[in-house]
>>> print(open('query11.cif').read())   # mmCIF, N, CA and C atoms
data_work
loop_
_atom_site.label_atom_id
_atom_site.label_comp_id
_atom_site.auth_asym_id
_atom_site.auth_seq_id
_atom_site.Cartn_x
_atom_site.Cartn_y
_atom_site.Cartn_z
N MET A 184 -35.09 14.17 -14.29
CA MET A 184 -35.54 15.53 -14.17
C MET A 184 -35.57 15.91 -12.70
N SER A 185 -34.99 17.00 -12.35
CA SER A 185 -34.95 17.47 -10.97
C SER A 185 -36.20 18.29 -10.68
N MET A 186 -36.83 18.00 -9.55
CA MET A 186 -38.02 18.74 -9.14
C MET A 186 -37.57 19.80 -8.14
N LYS A 187 -37.50 21.05 -8.56
CA LYS A 187 -37.09 22.13 -7.67
C LYS A 187 -38.32 22.92 -7.26
N PRO A 188 -38.50 23.14 -5.95
CA PRO A 188 -39.64 23.92 -5.51
C PRO A 188 -39.43 25.39 -5.85
N ALA A 189 -40.54 26.13 -5.91
CA ALA A 189 -40.43 27.58 -6.09
C ALA A 189 -39.62 28.14 -4.94
N ALA A 190 -38.98 29.26 -5.15
CA ALA A 190 -38.07 29.84 -4.17
C ALA A 190 -38.70 30.00 -2.79
N SER A 191 -39.98 30.37 -2.72
CA SER A 191 -40.60 30.62 -1.43
C SER A 191 -41.41 29.44 -0.90
N THR A 192 -41.41 28.32 -1.59
CA THR A 192 -42.21 27.17 -1.18
C THR A 192 -41.37 26.19 -0.38
N PRO A 193 -41.78 25.90 0.86
CA PRO A 193 -41.03 24.93 1.67
C PRO A 193 -41.04 23.55 1.01
N LEU A 194 -39.93 22.86 1.09
CA LEU A 194 -39.79 21.55 0.48
C LEU A 194 -40.84 20.55 0.96
N PRO A 195 -41.15 20.48 2.27
CA PRO A 195 -42.19 19.51 2.70
C PRO A 195 -43.53 19.77 2.03
N LEU A 196 -43.89 21.02 1.80
CA LEU A 196 -45.14 21.34 1.12
C LEU A 196 -45.09 20.87 -0.32
N THR A 197 -44.01 21.16 -1.01
CA THR A 197 -43.85 20.72 -2.39
C THR A 197 -43.94 19.21 -2.48
N ASP A 198 -43.26 18.51 -1.58
CA ASP A 198 -43.32 17.05 -1.56
C ASP A 198 -44.75 16.55 -1.34
N ALA A 199 -45.46 17.17 -0.41
CA ALA A 199 -46.83 16.76 -0.12
C ALA A 199 -47.74 16.99 -1.33
N LEU A 200 -47.59 18.11 -2.00
CA LEU A 200 -48.40 18.40 -3.17
C LEU A 200 -48.08 17.43 -4.31
N GLN A 201 -46.81 17.10 -4.48
CA GLN A 201 -46.43 16.13 -5.51
C GLN A 201 -47.04 14.76 -5.21
N GLU A 202 -47.07 14.38 -3.94
CA GLU A 202 -47.65 13.09 -3.56
C GLU A 202 -49.15 13.06 -3.85
N ILE A 203 -49.83 14.18 -3.67
CA ILE A 203 -51.26 14.25 -4.01
C ILE A 203 -51.45 14.04 -5.51
N VAL A 204 -50.67 14.75 -6.31
CA VAL A 204 -50.80 14.66 -7.76
C VAL A 204 -50.50 13.24 -8.25
N GLU A 205 -49.47 12.63 -7.70
CA GLU A 205 -49.05 11.30 -8.14
C GLU A 205 -49.86 10.17 -7.49
N GLY A 206 -50.61 10.48 -6.43
CA GLY A 206 -51.32 9.43 -5.72
C GLY A 206 -50.36 8.53 -4.97
N ARG A 207 -49.24 9.10 -4.57
CA ARG A 207 -48.18 8.35 -3.87
C ARG A 207 -48.24 8.68 -2.38
N ASN A 208 -48.37 7.66 -1.54
CA ASN A 208 -48.43 7.80 -0.09
C ASN A 208 -49.67 8.53 0.41
N VAL A 209 -50.55 8.91 -0.50
CA VAL A 209 -51.80 9.57 -0.12
C VAL A 209 -52.83 9.25 -1.20
N LYS A 210 -54.04 9.00 -0.78
CA LYS A 210 -55.11 8.69 -1.74
C LYS A 210 -55.51 9.97 -2.47
N ARG A 211 -55.59 9.90 -3.79
CA ARG A 211 -56.07 11.05 -4.54
C ARG A 211 -57.58 11.14 -4.33
N SER A 212 -58.00 12.23 -3.74
CA SER A 212 -59.40 12.40 -3.37
C SER A 212 -59.70 13.89 -3.38
N SER A 213 -60.23 14.40 -2.29
CA SER A 213 -60.46 15.84 -2.13
C SER A 213 -59.43 16.36 -1.14
N HIS A 214 -58.72 17.41 -1.55
CA HIS A 214 -57.63 17.92 -0.71
C HIS A 214 -57.71 19.44 -0.59
N SER A 215 -57.61 19.91 0.64
CA SER A 215 -57.52 21.36 0.87
C SER A 215 -56.15 21.83 0.42
N LEU A 216 -56.10 22.98 -0.20
CA LEU A 216 -54.83 23.56 -0.63
C LEU A 216 -54.41 24.71 0.27
N ILE A 217 -54.94 24.71 1.48
CA ILE A 217 -54.54 25.69 2.50
C ILE A 217 -53.52 25.01 3.40
N TRP A 218 -52.36 25.64 3.52
CA TRP A 218 -51.30 25.09 4.37
C TRP A 218 -50.81 26.21 5.28
N GLU A 219 -50.93 25.98 6.57
CA GLU A 219 -50.54 26.98 7.57
C GLU A 219 -51.14 28.34 7.25
N GLY A 220 -52.42 28.34 6.88
CA GLY A 220 -53.14 29.57 6.62
C GLY A 220 -52.90 30.21 5.26
N THR A 221 -52.09 29.57 4.42
CA THR A 221 -51.76 30.11 3.10
C THR A 221 -52.38 29.28 1.99
N ASP A 222 -52.97 29.95 1.02
CA ASP A 222 -53.54 29.27 -0.14
C ASP A 222 -52.41 28.85 -1.07
N CYS A 223 -52.25 27.56 -1.28
CA CYS A 223 -51.16 27.00 -2.09
C CYS A 223 -51.64 26.56 -3.47
N THR A 224 -52.75 27.11 -3.93
CA THR A 224 -53.30 26.72 -5.22
C THR A 224 -52.30 26.93 -6.35
N ASP A 225 -51.63 28.08 -6.38
CA ASP A 225 -50.67 28.36 -7.46
C ASP A 225 -49.55 27.33 -7.49
N GLU A 226 -49.05 26.94 -6.33
CA GLU A 226 -47.99 25.93 -6.26
C GLU A 226 -48.52 24.57 -6.74
N PHE A 227 -49.74 24.24 -6.35
CA PHE A 227 -50.33 22.98 -6.79
C PHE A 227 -50.49 22.95 -8.30
N VAL A 228 -50.97 24.03 -8.88
CA VAL A 228 -51.14 24.12 -10.34
C VAL A 228 -49.78 24.02 -11.04
N ARG A 229 -48.75 24.61 -10.44
CA ARG A 229 -47.40 24.51 -11.02
C ARG A 229 -46.94 23.05 -11.04
N ILE A 230 -47.20 22.33 -9.97
CA ILE A 230 -46.81 20.92 -9.90
C ILE A 230 -47.66 20.09 -10.86
N LEU A 231 -48.94 20.40 -10.96
CA LEU A 231 -49.77 19.70 -11.95
C LEU A 231 -49.16 19.83 -13.34
N ASP A 232 -48.75 21.05 -13.69
CA ASP A 232 -48.14 21.28 -15.00
C ASP A 232 -46.87 20.45 -15.18
N GLU A 233 -46.02 20.44 -14.16
CA GLU A 233 -44.78 19.65 -14.23
C GLU A 233 -45.05 18.16 -14.41
N LYS A 234 -46.17 17.69 -13.87
CA LYS A 234 -46.51 16.27 -13.93
C LYS A 234 -47.38 15.92 -15.14
N GLY A 235 -47.59 16.88 -16.03
CA GLY A 235 -48.30 16.59 -17.27
C GLY A 235 -49.80 16.86 -17.24
N TYR A 236 -50.27 17.52 -16.20
CA TYR A 236 -51.69 17.88 -16.09
C TYR A 236 -51.85 19.31 -16.59
N HIS A 237 -52.69 19.48 -17.60
CA HIS A 237 -52.84 20.79 -18.22
C HIS A 237 -54.30 21.21 -18.22
N PRO A 238 -54.57 22.52 -18.12
CA PRO A 238 -55.96 22.98 -18.09
C PRO A 238 -56.66 22.71 -19.42
N VAL A 239 -57.86 22.17 -19.32
CA VAL A 239 -58.59 21.79 -20.51
C VAL A 239 -60.08 21.69 -20.16
N LEU A 240 -60.91 21.89 -21.15
CA LEU A 240 -62.33 21.64 -20.99
C LEU A 240 -62.59 20.16 -21.23
N VAL A 241 -63.55 19.60 -20.53
CA VAL A 241 -63.86 18.17 -20.68
C VAL A 241 -64.11 17.83 -22.14
N ARG A 242 -64.84 18.68 -22.86
CA ARG A 242 -65.18 18.40 -24.26
C ARG A 242 -63.94 18.29 -25.15
N ASP A 243 -62.83 18.89 -24.74
CA ASP A 243 -61.63 18.90 -25.56
C ASP A 243 -60.67 17.74 -25.28
N VAL A 244 -61.00 16.89 -24.34
CA VAL A 244 -60.17 15.73 -24.01
C VAL A 244 -60.53 14.58 -24.94
N SER A 245 -59.53 14.05 -25.61
CA SER A 245 -59.74 12.93 -26.51
C SER A 245 -59.72 11.63 -25.70
N VAL A 246 -60.91 11.10 -25.48
CA VAL A 246 -61.05 9.86 -24.73
C VAL A 246 -62.22 9.10 -25.36
N ALA A 247 -62.00 7.84 -25.65
CA ALA A 247 -63.03 7.01 -26.27
C ALA A 247 -63.85 6.29 -25.20
N PRO A 248 -65.06 5.87 -25.53
CA PRO A 248 -65.82 5.04 -24.59
C PRO A 248 -64.98 3.82 -24.17
N GLY A 249 -64.92 3.57 -22.87
CA GLY A 249 -64.10 2.48 -22.35
C GLY A 249 -62.70 2.93 -21.96
N GLU A 250 -62.43 4.22 -22.05
CA GLU A 250 -61.15 4.79 -21.62
C GLU A 250 -61.43 5.89 -20.60
N ARG A 251 -60.40 6.23 -19.83
CA ARG A 251 -60.51 7.33 -18.88
C ARG A 251 -59.17 8.05 -18.77
N VAL A 252 -59.24 9.31 -18.37
CA VAL A 252 -58.06 10.16 -18.21
C VAL A 252 -58.12 10.77 -16.81
N PRO A 253 -57.02 10.72 -16.04
CA PRO A 253 -57.03 11.32 -14.71
C PRO A 253 -57.06 12.84 -14.80
N ALA A 254 -57.77 13.44 -13.84
CA ALA A 254 -57.90 14.90 -13.86
C ALA A 254 -58.16 15.42 -12.44
N PHE A 255 -57.87 16.69 -12.26
CA PHE A 255 -58.18 17.39 -11.02
C PHE A 255 -59.06 18.59 -11.33
N HIS A 256 -60.08 18.79 -10.51
CA HIS A 256 -60.86 20.02 -10.54
C HIS A 256 -60.31 20.88 -9.40
N VAL A 257 -59.78 22.04 -9.73
CA VAL A 257 -59.16 22.92 -8.74
C VAL A 257 -60.01 24.18 -8.62
N ALA A 258 -60.55 24.42 -7.43
CA ALA A 258 -61.37 25.60 -7.19
C ALA A 258 -61.47 25.86 -5.69
N ASN A 259 -61.58 27.13 -5.34
CA ASN A 259 -61.80 27.52 -3.94
C ASN A 259 -60.79 26.90 -2.99
N ALA A 260 -59.52 26.93 -3.37
CA ALA A 260 -58.43 26.43 -2.53
C ALA A 260 -58.57 24.95 -2.20
N SER A 261 -59.13 24.19 -3.14
CA SER A 261 -59.18 22.74 -2.96
C SER A 261 -58.96 22.05 -4.30
N ALA A 262 -58.49 20.82 -4.22
CA ALA A 262 -58.24 20.00 -5.41
C ALA A 262 -59.05 18.73 -5.26
N LEU A 263 -59.80 18.41 -6.29
CA LEU A 263 -60.66 17.23 -6.26
C LEU A 263 -60.25 16.33 -7.42
N PHE A 264 -59.81 15.11 -7.09
CA PHE A 264 -59.39 14.17 -8.12
C PHE A 264 -60.58 13.44 -8.70
N GLY A 265 -60.47 13.13 -9.99
CA GLY A 265 -61.49 12.34 -10.65
C GLY A 265 -61.01 11.89 -12.01
N TRP A 266 -61.94 11.49 -12.83
CA TRP A 266 -61.63 10.95 -14.16
C TRP A 266 -62.50 11.61 -15.21
N ILE A 267 -61.98 11.74 -16.41
CA ILE A 267 -62.78 12.13 -17.57
C ILE A 267 -63.04 10.84 -18.34
N PHE A 268 -64.30 10.56 -18.59
CA PHE A 268 -64.69 9.29 -19.21
C PHE A 268 -66.09 9.44 -19.80
N TRP A 269 -66.53 8.39 -20.46
CA TRP A 269 -67.89 8.34 -21.01
C TRP A 269 -68.76 7.55 -20.05
N GLU A 270 -69.86 8.15 -19.62
CA GLU A 270 -70.85 7.46 -18.80
C GLU A 270 -71.90 6.88 -19.75
N LYS A 271 -72.13 5.58 -19.62
CA LYS A 271 -73.08 4.89 -20.50
C LYS A 271 -74.42 4.71 -19.80
N PHE A 272 -75.46 5.25 -20.42
CA PHE A 272 -76.82 5.07 -19.91
C PHE A 272 -77.50 3.90 -20.61
N SER A 273 -77.22 3.75 -21.90
CA SER A 273 -77.77 2.66 -22.71
C SER A 273 -76.86 2.53 -23.93
N ASP A 274 -77.14 1.57 -24.79
CA ASP A 274 -76.32 1.40 -26.00
C ASP A 274 -76.40 2.61 -26.92
N ARG A 275 -77.44 3.42 -26.76
CA ARG A 275 -77.62 4.59 -27.63
C ARG A 275 -77.34 5.92 -26.94
N ARG A 276 -77.18 5.91 -25.64
CA ARG A 276 -77.03 7.17 -24.93
C ARG A 276 -75.84 7.14 -23.98
N MET A 277 -74.90 8.07 -24.22
CA MET A 277 -73.72 8.23 -23.37
C MET A 277 -73.43 9.72 -23.24
N ARG A 278 -72.63 10.06 -22.24
CA ARG A 278 -72.15 11.43 -22.12
C ARG A 278 -70.72 11.42 -21.58
N LYS A 279 -69.92 12.36 -22.06
CA LYS A 279 -68.55 12.51 -21.55
C LYS A 279 -68.60 13.47 -20.37
N LEU A 280 -67.88 13.13 -19.30
CA LEU A 280 -67.86 13.99 -18.14
C LEU A 280 -66.62 13.78 -17.30
N PHE A 281 -66.37 14.75 -16.41
CA PHE A 281 -65.44 14.58 -15.30
C PHE A 281 -66.30 14.13 -14.14
N GLY A 282 -65.92 13.02 -13.52
CA GLY A 282 -66.60 12.53 -12.33
C GLY A 282 -65.59 12.38 -11.21
N SER A 283 -65.86 13.00 -10.07
CA SER A 283 -64.94 12.95 -8.94
C SER A 283 -64.93 11.56 -8.31
N VAL A 284 -63.82 11.22 -7.67
CA VAL A 284 -63.77 9.96 -6.93
C VAL A 284 -64.55 10.08 -5.63
N VAL A 285 -64.79 11.29 -5.18
CA VAL A 285 -65.61 11.52 -4.00
C VAL A 285 -67.07 11.36 -4.41
N ARG A 286 -67.83 10.64 -3.61
CA ARG A 286 -69.23 10.35 -3.92
C ARG A 286 -70.17 11.12 -3.01
N ASN A 287 -71.40 11.29 -3.48
CA ASN A 287 -72.42 11.89 -2.64
C ASN A 287 -73.16 10.77 -1.90
N ASN A 288 -74.19 11.14 -1.11
CA ASN A 288 -74.87 10.12 -0.31
C ASN A 288 -75.70 9.14 -1.15
N LYS A 289 -75.92 9.44 -2.43
CA LYS A 289 -76.61 8.52 -3.33
C LYS A 289 -75.65 7.57 -4.03
N GLY A 290 -74.34 7.81 -3.85
CA GLY A 290 -73.34 6.97 -4.51
C GLY A 290 -72.90 7.49 -5.87
N ASP A 291 -73.45 8.64 -6.28
CA ASP A 291 -73.04 9.26 -7.54
C ASP A 291 -71.78 10.10 -7.31
N TRP A 292 -71.17 10.51 -8.40
CA TRP A 292 -70.01 11.38 -8.30
C TRP A 292 -70.44 12.69 -7.66
N ALA A 293 -69.75 13.12 -6.61
CA ALA A 293 -70.12 14.35 -5.90
C ALA A 293 -70.00 15.56 -6.82
N VAL A 294 -68.98 15.55 -7.66
CA VAL A 294 -68.81 16.62 -8.65
C VAL A 294 -68.84 15.98 -10.03
N GLN A 295 -69.73 16.46 -10.85
CA GLN A 295 -69.85 16.01 -12.24
C GLN A 295 -69.75 17.24 -13.13
N ILE A 296 -68.83 17.18 -14.07
CA ILE A 296 -68.69 18.28 -15.02
C ILE A 296 -68.87 17.69 -16.41
N PRO A 297 -70.06 17.86 -16.99
CA PRO A 297 -70.30 17.33 -18.33
C PRO A 297 -69.58 18.15 -19.39
N GLU A 298 -69.41 17.55 -20.56
CA GLU A 298 -68.66 18.20 -21.63
C GLU A 298 -69.31 19.50 -22.11
N LYS A 299 -70.57 19.72 -21.83
CA LYS A 299 -71.24 20.94 -22.27
C LYS A 299 -70.90 22.16 -21.40
N LYS A 300 -70.34 21.92 -20.22
CA LYS A 300 -69.98 23.02 -19.32
C LYS A 300 -68.59 23.56 -19.65
N SER A 301 -68.43 24.86 -19.49
CA SER A 301 -67.14 25.50 -19.75
C SER A 301 -66.37 25.66 -18.45
N VAL A 302 -66.04 24.54 -17.83
CA VAL A 302 -65.29 24.52 -16.58
C VAL A 302 -63.96 23.84 -16.84
N LEU A 303 -62.87 24.50 -16.49
CA LEU A 303 -61.55 23.92 -16.69
C LEU A 303 -61.24 22.86 -15.64
N VAL A 304 -60.63 21.78 -16.08
CA VAL A 304 -60.03 20.79 -15.20
C VAL A 304 -58.58 20.62 -15.65
N TYR A 305 -57.77 20.02 -14.83
CA TYR A 305 -56.37 19.75 -15.18
C TYR A 305 -56.25 18.26 -15.46
N ALA A 306 -56.05 17.92 -16.73
CA ALA A 306 -56.05 16.51 -17.14
C ALA A 306 -54.68 16.11 -17.66
N ASN A 307 -54.35 14.84 -17.46
CA ASN A 307 -53.11 14.27 -17.98
C ASN A 307 -53.46 13.22 -19.02
N THR A 308 -53.52 13.64 -20.27
CA THR A 308 -53.94 12.74 -21.34
C THR A 308 -52.91 11.66 -21.64
N SER A 309 -51.69 11.82 -21.17
CA SER A 309 -50.68 10.78 -21.39
C SER A 309 -50.90 9.58 -20.46
N GLU A 310 -51.77 9.73 -19.47
CA GLU A 310 -52.08 8.63 -18.54
C GLU A 310 -53.43 7.99 -18.83
N LEU A 311 -53.84 8.02 -20.07
CA LEU A 311 -55.09 7.40 -20.50
C LEU A 311 -55.06 5.91 -20.15
N SER A 312 -56.16 5.40 -19.61
CA SER A 312 -56.22 3.98 -19.26
C SER A 312 -57.59 3.42 -19.62
N GLU A 313 -57.67 2.11 -19.65
CA GLU A 313 -58.93 1.43 -19.95
C GLU A 313 -59.80 1.36 -18.70
N MET A 314 -61.11 1.28 -18.93
CA MET A 314 -62.06 1.13 -17.82
C MET A 314 -63.25 0.31 -18.31
N ASP A 315 -64.02 -0.18 -17.39
CA ASP A 315 -65.24 -0.92 -17.71
C ASP A 315 -66.36 0.10 -17.90
N ILE A 316 -66.76 0.34 -19.13
CA ILE A 316 -67.77 1.35 -19.42
C ILE A 316 -69.12 1.02 -18.80
N ASP A 317 -69.39 -0.26 -18.60
CA ASP A 317 -70.67 -0.66 -18.00
C ASP A 317 -70.69 -0.53 -16.48
N HIS A 318 -69.50 -0.44 -15.88
CA HIS A 318 -69.39 -0.30 -14.42
C HIS A 318 -68.27 0.69 -14.10
N PRO A 319 -68.44 1.97 -14.42
CA PRO A 319 -67.35 2.94 -14.24
C PRO A 319 -66.91 3.13 -12.80
N SER A 320 -67.77 2.86 -11.85
CA SER A 320 -67.40 3.02 -10.44
C SER A 320 -66.48 1.91 -9.96
N ALA A 321 -66.47 0.81 -10.67
CA ALA A 321 -65.69 -0.35 -10.24
C ALA A 321 -64.23 -0.27 -10.68
N THR A 322 -63.89 0.66 -11.56
CA THR A 322 -62.52 0.72 -12.04
C THR A 322 -61.81 1.94 -11.59
#
>>> encode(input="query11.cif", output="structure tokens")
Amino acid sequence: MSMKPAASTPLPLTDALQEIVEGRNVKRSSHSLIWEGTDCTDEFVRILDEKGYHPVLVRDVSVAPGERVPAFHVANASALFGWIFWEKFSDRRMRKLFGSVVRNNKGDWAVQIPEKKSVLVYANTSELSEMDIDHPSAT
């Protein structure tokens, strides 16, 4: 499949955005989508779509406890990478959420979007992977 940039998008920008989405040559973390003073959010969302990341609510992602799905929260000209997974508090209590890979000063996910919130994230359900439900930060 050929990756063609939008007519007005410079190739280096398209390449850089693709590398963010793929986690290739750059760590997927928190990324500004401002390039040379221009908001590139639309181009980033286009590339997310090409790479299999689609807008979805956390509650609508099919993921079982012990699994995770990669996702991006895109807002305010920035992209924040994280995972949709089940956080286990005890054998009887869990919650599904998007948790960013960026942490706060307490070591928790800096951005947490629980399944009860109506906030869109861009998730790639075809990249579902296993994780340690008892230690989600370690995987």
>>> select_by_dssp(input="query11.cif", residues="chain A", states="alpha helix (DSSP H)", output="PyMOL selection string")
chain A and resi 194-205+224-233
>>> residues_around(input="query11.cif", residues="Arg251 in chain A", least_positions_apart="3", cutoff="7 Å", atoms="only C-alpha atoms", output="number ranges by chain")
A: 246, 266-268, 311-314
>>> axis_aligned_box(input="query11.cif", around="range 304-322 of chain A", padding_each_side="5 Å", output="JSON")
{"center_x": -60.7, "center_y": 10.4, "center_z": -15.8, "size_x": 30.0, "size_y": 32.7, "size_z": 21.7}
>>> closest_residue(input="query11.cif", among="A:Gln295, A:Ser245, A:Ser212, A:Asn259", to="Phe281 in chain A", atoms="all atoms listed in the file")
A:Gln295
>>> residues_around(input="query11.cif", residues="Ala306 in chain A", least_positions_apart="3", cutoff="9 Å", atoms="only C-alpha atoms", output="PDB file with N, CA and C atoms, in the frame of the given file")
ATOM      1  N   LEU A 231     -48.940  20.400 -10.960  1.00  0.00           N
ATOM      2  CA  LEU A 231     -49.770  19.700 -11.950  1.00  0.00           C
ATOM      3  C   LEU A 231     -49.160  19.830 -13.340  1.00  0.00           C
ATOM      4  N   GLY A 235     -47.590  16.880 -16.030  1.00  0.00           N
ATOM      5  CA  GLY A 235     -48.300  16.590 -17.270  1.00  0.00           C
ATOM      6  C   GLY A 235     -49.800  16.860 -17.240  1.00  0.00           C
ATOM      7  N   TYR A 236     -50.270  17.520 -16.200  1.00  0.00           N
ATOM      8  CA  TYR A 236     -51.690  17.880 -16.090  1.00  0.00           C
ATOM      9  C   TYR A 236     -51.850  19.310 -16.590  1.00  0.00           C
ATOM     10  N   HIS A 237     -52.690  19.480 -17.600  1.00  0.00           N
ATOM     11  CA  HIS A 237     -52.840  20.790 -18.220  1.00  0.00           C
ATOM     12  C   HIS A 237     -54.300  21.210 -18.220  1.00  0.00           C
ATOM     13  N   PRO A 238     -54.570  22.520 -18.120  1.00  0.00           N
ATOM     14  CA  PRO A 238     -55.960  22.980 -18.090  1.00  0.00           C
ATOM     15  C   PRO A 238     -56.660  22.710 -19.420  1.00  0.00           C
ATOM     16  N   VAL A 239     -57.860  22.170 -19.320  1.00  0.00           N
ATOM     17  CA  VAL A 239     -58.590  21.790 -20.510  1.00  0.00           C
ATOM     18  C   VAL A 239     -60.080  21.690 -20.160  1.00  0.00           C
ATOM     19  N   LEU A 240     -60.910  21.890 -21.150  1.00  0.00           N
ATOM     20  CA  LEU A 240     -62.330  21.640 -20.990  1.00  0.00           C
ATOM     21  C   LEU A 240     -62.590  20.160 -21.230  1.00  0.00           C
ATOM     22  N   VAL A 241     -63.550  19.600 -20.530  1.00  0.00           N
ATOM     23  CA  VAL A 241     -63.860  18.170 -20.680  1.00  0.00           C
ATOM     24  C   VAL A 241     -64.110  17.830 -22.140  1.00  0.00           C
ATOM     25  N   VAL A 244     -61.000  16.890 -24.340  1.00  0.00           N
ATOM     26  CA  VAL A 244     -60.170  15.730 -24.010  1.00  0.00           C
ATOM     27  C   VAL A 244     -60.530  14.580 -24.940  1.00  0.00           C
ATOM     28  N   VAL A 252     -59.240   9.310 -18.370  1.00  0.00           N
ATOM     29  CA  VAL A 252     -58.060  10.160 -18.210  1.00  0.00           C
ATOM     30  C   VAL A 252     -58.120  10.770 -16.810  1.00  0.00           C
ATOM     31  N   PRO A 253     -57.020  10.720 -16.040  1.00  0.00           N
ATOM     32  CA  PRO A 253     -57.030  11.320 -14.710  1.00  0.00           C
ATOM     33  C   PRO A 253     -57.060  12.840 -14.800  1.00  0.00           C
ATOM     34  N   ALA A 254     -57.770  13.440 -13.840  1.00  0.00           N
ATOM     35  CA  ALA A 254     -57.900  14.900 -13.860  1.00  0.00           C
ATOM     36  C   ALA A 254     -58.160  15.420 -12.440  1.00  0.00           C
ATOM     37  N   PHE A 255     -57.870  16.690 -12.260  1.00  0.00           N
ATOM     38  CA  PHE A 255     -58.180  17.390 -11.020  1.00  0.00           C
ATOM     39  C   PHE A 255     -59.060  18.590 -11.330  1.00  0.00           C
ATOM     40  N   HIS A 256     -60.080  18.790 -10.510  1.00  0.00           N
ATOM     41  CA  HIS A 256     -60.860  20.020 -10.540  1.00  0.00           C
ATOM     42  C   HIS A 256     -60.310  20.880  -9.400  1.00  0.00           C
ATOM     43  N   TRP A 266     -61.940  11.490 -12.830  1.00  0.00           N
ATOM     44  CA  TRP A 266     -61.630  10.950 -14.160  1.00  0.00           C
ATOM     45  C   TRP A 266     -62.500  11.610 -15.210  1.00  0.00           C
ATOM     46  N   ILE A 267     -61.980  11.740 -16.410  1.00  0.00           N
ATOM     47  CA  ILE A 267     -62.780  12.130 -17.570  1.00  0.00           C
ATOM     48  C   ILE A 267     -63.040  10.840 -18.340  1.00  0.00           C
ATOM     49  N   SER A 309     -51.690  11.820 -21.170  1.00  0.00           N
ATOM     50  CA  SER A 309     -50.680  10.780 -21.390  1.00  0.00           C
ATOM     51  C   SER A 309     -50.900   9.580 -20.460  1.00  0.00           C
ATOM     52  N   GLU A 310     -51.770   9.730 -19.470  1.00  0.00           N
ATOM     53  CA  GLU A 310     -52.080   8.630 -18.540  1.00  0.00           C
ATOM     54  C   GLU A 310     -53.430   7.990 -18.830  1.00  0.00           C
TER      55      GLU A 310
END
>>> atom_distance(input="query11.cif", atom1="CA of Ser215 in chain A", atom2="CA of Val284 in chain A")
15.2 Å
>>> closest_residue(input="query11.cif", among="A:Val204, A:Val285, A:Ala199, A:Leu263", to="Asn307 in chain A", atoms="only C-alpha atoms")
A:Val204
>>> closest_residue(input="query11.cif", among="A:Ile203, A:Asp225, A:Asp315, A:Gly282", to="Gly249 in chain A", atoms="only N, CA and C atoms")
A:Asp315
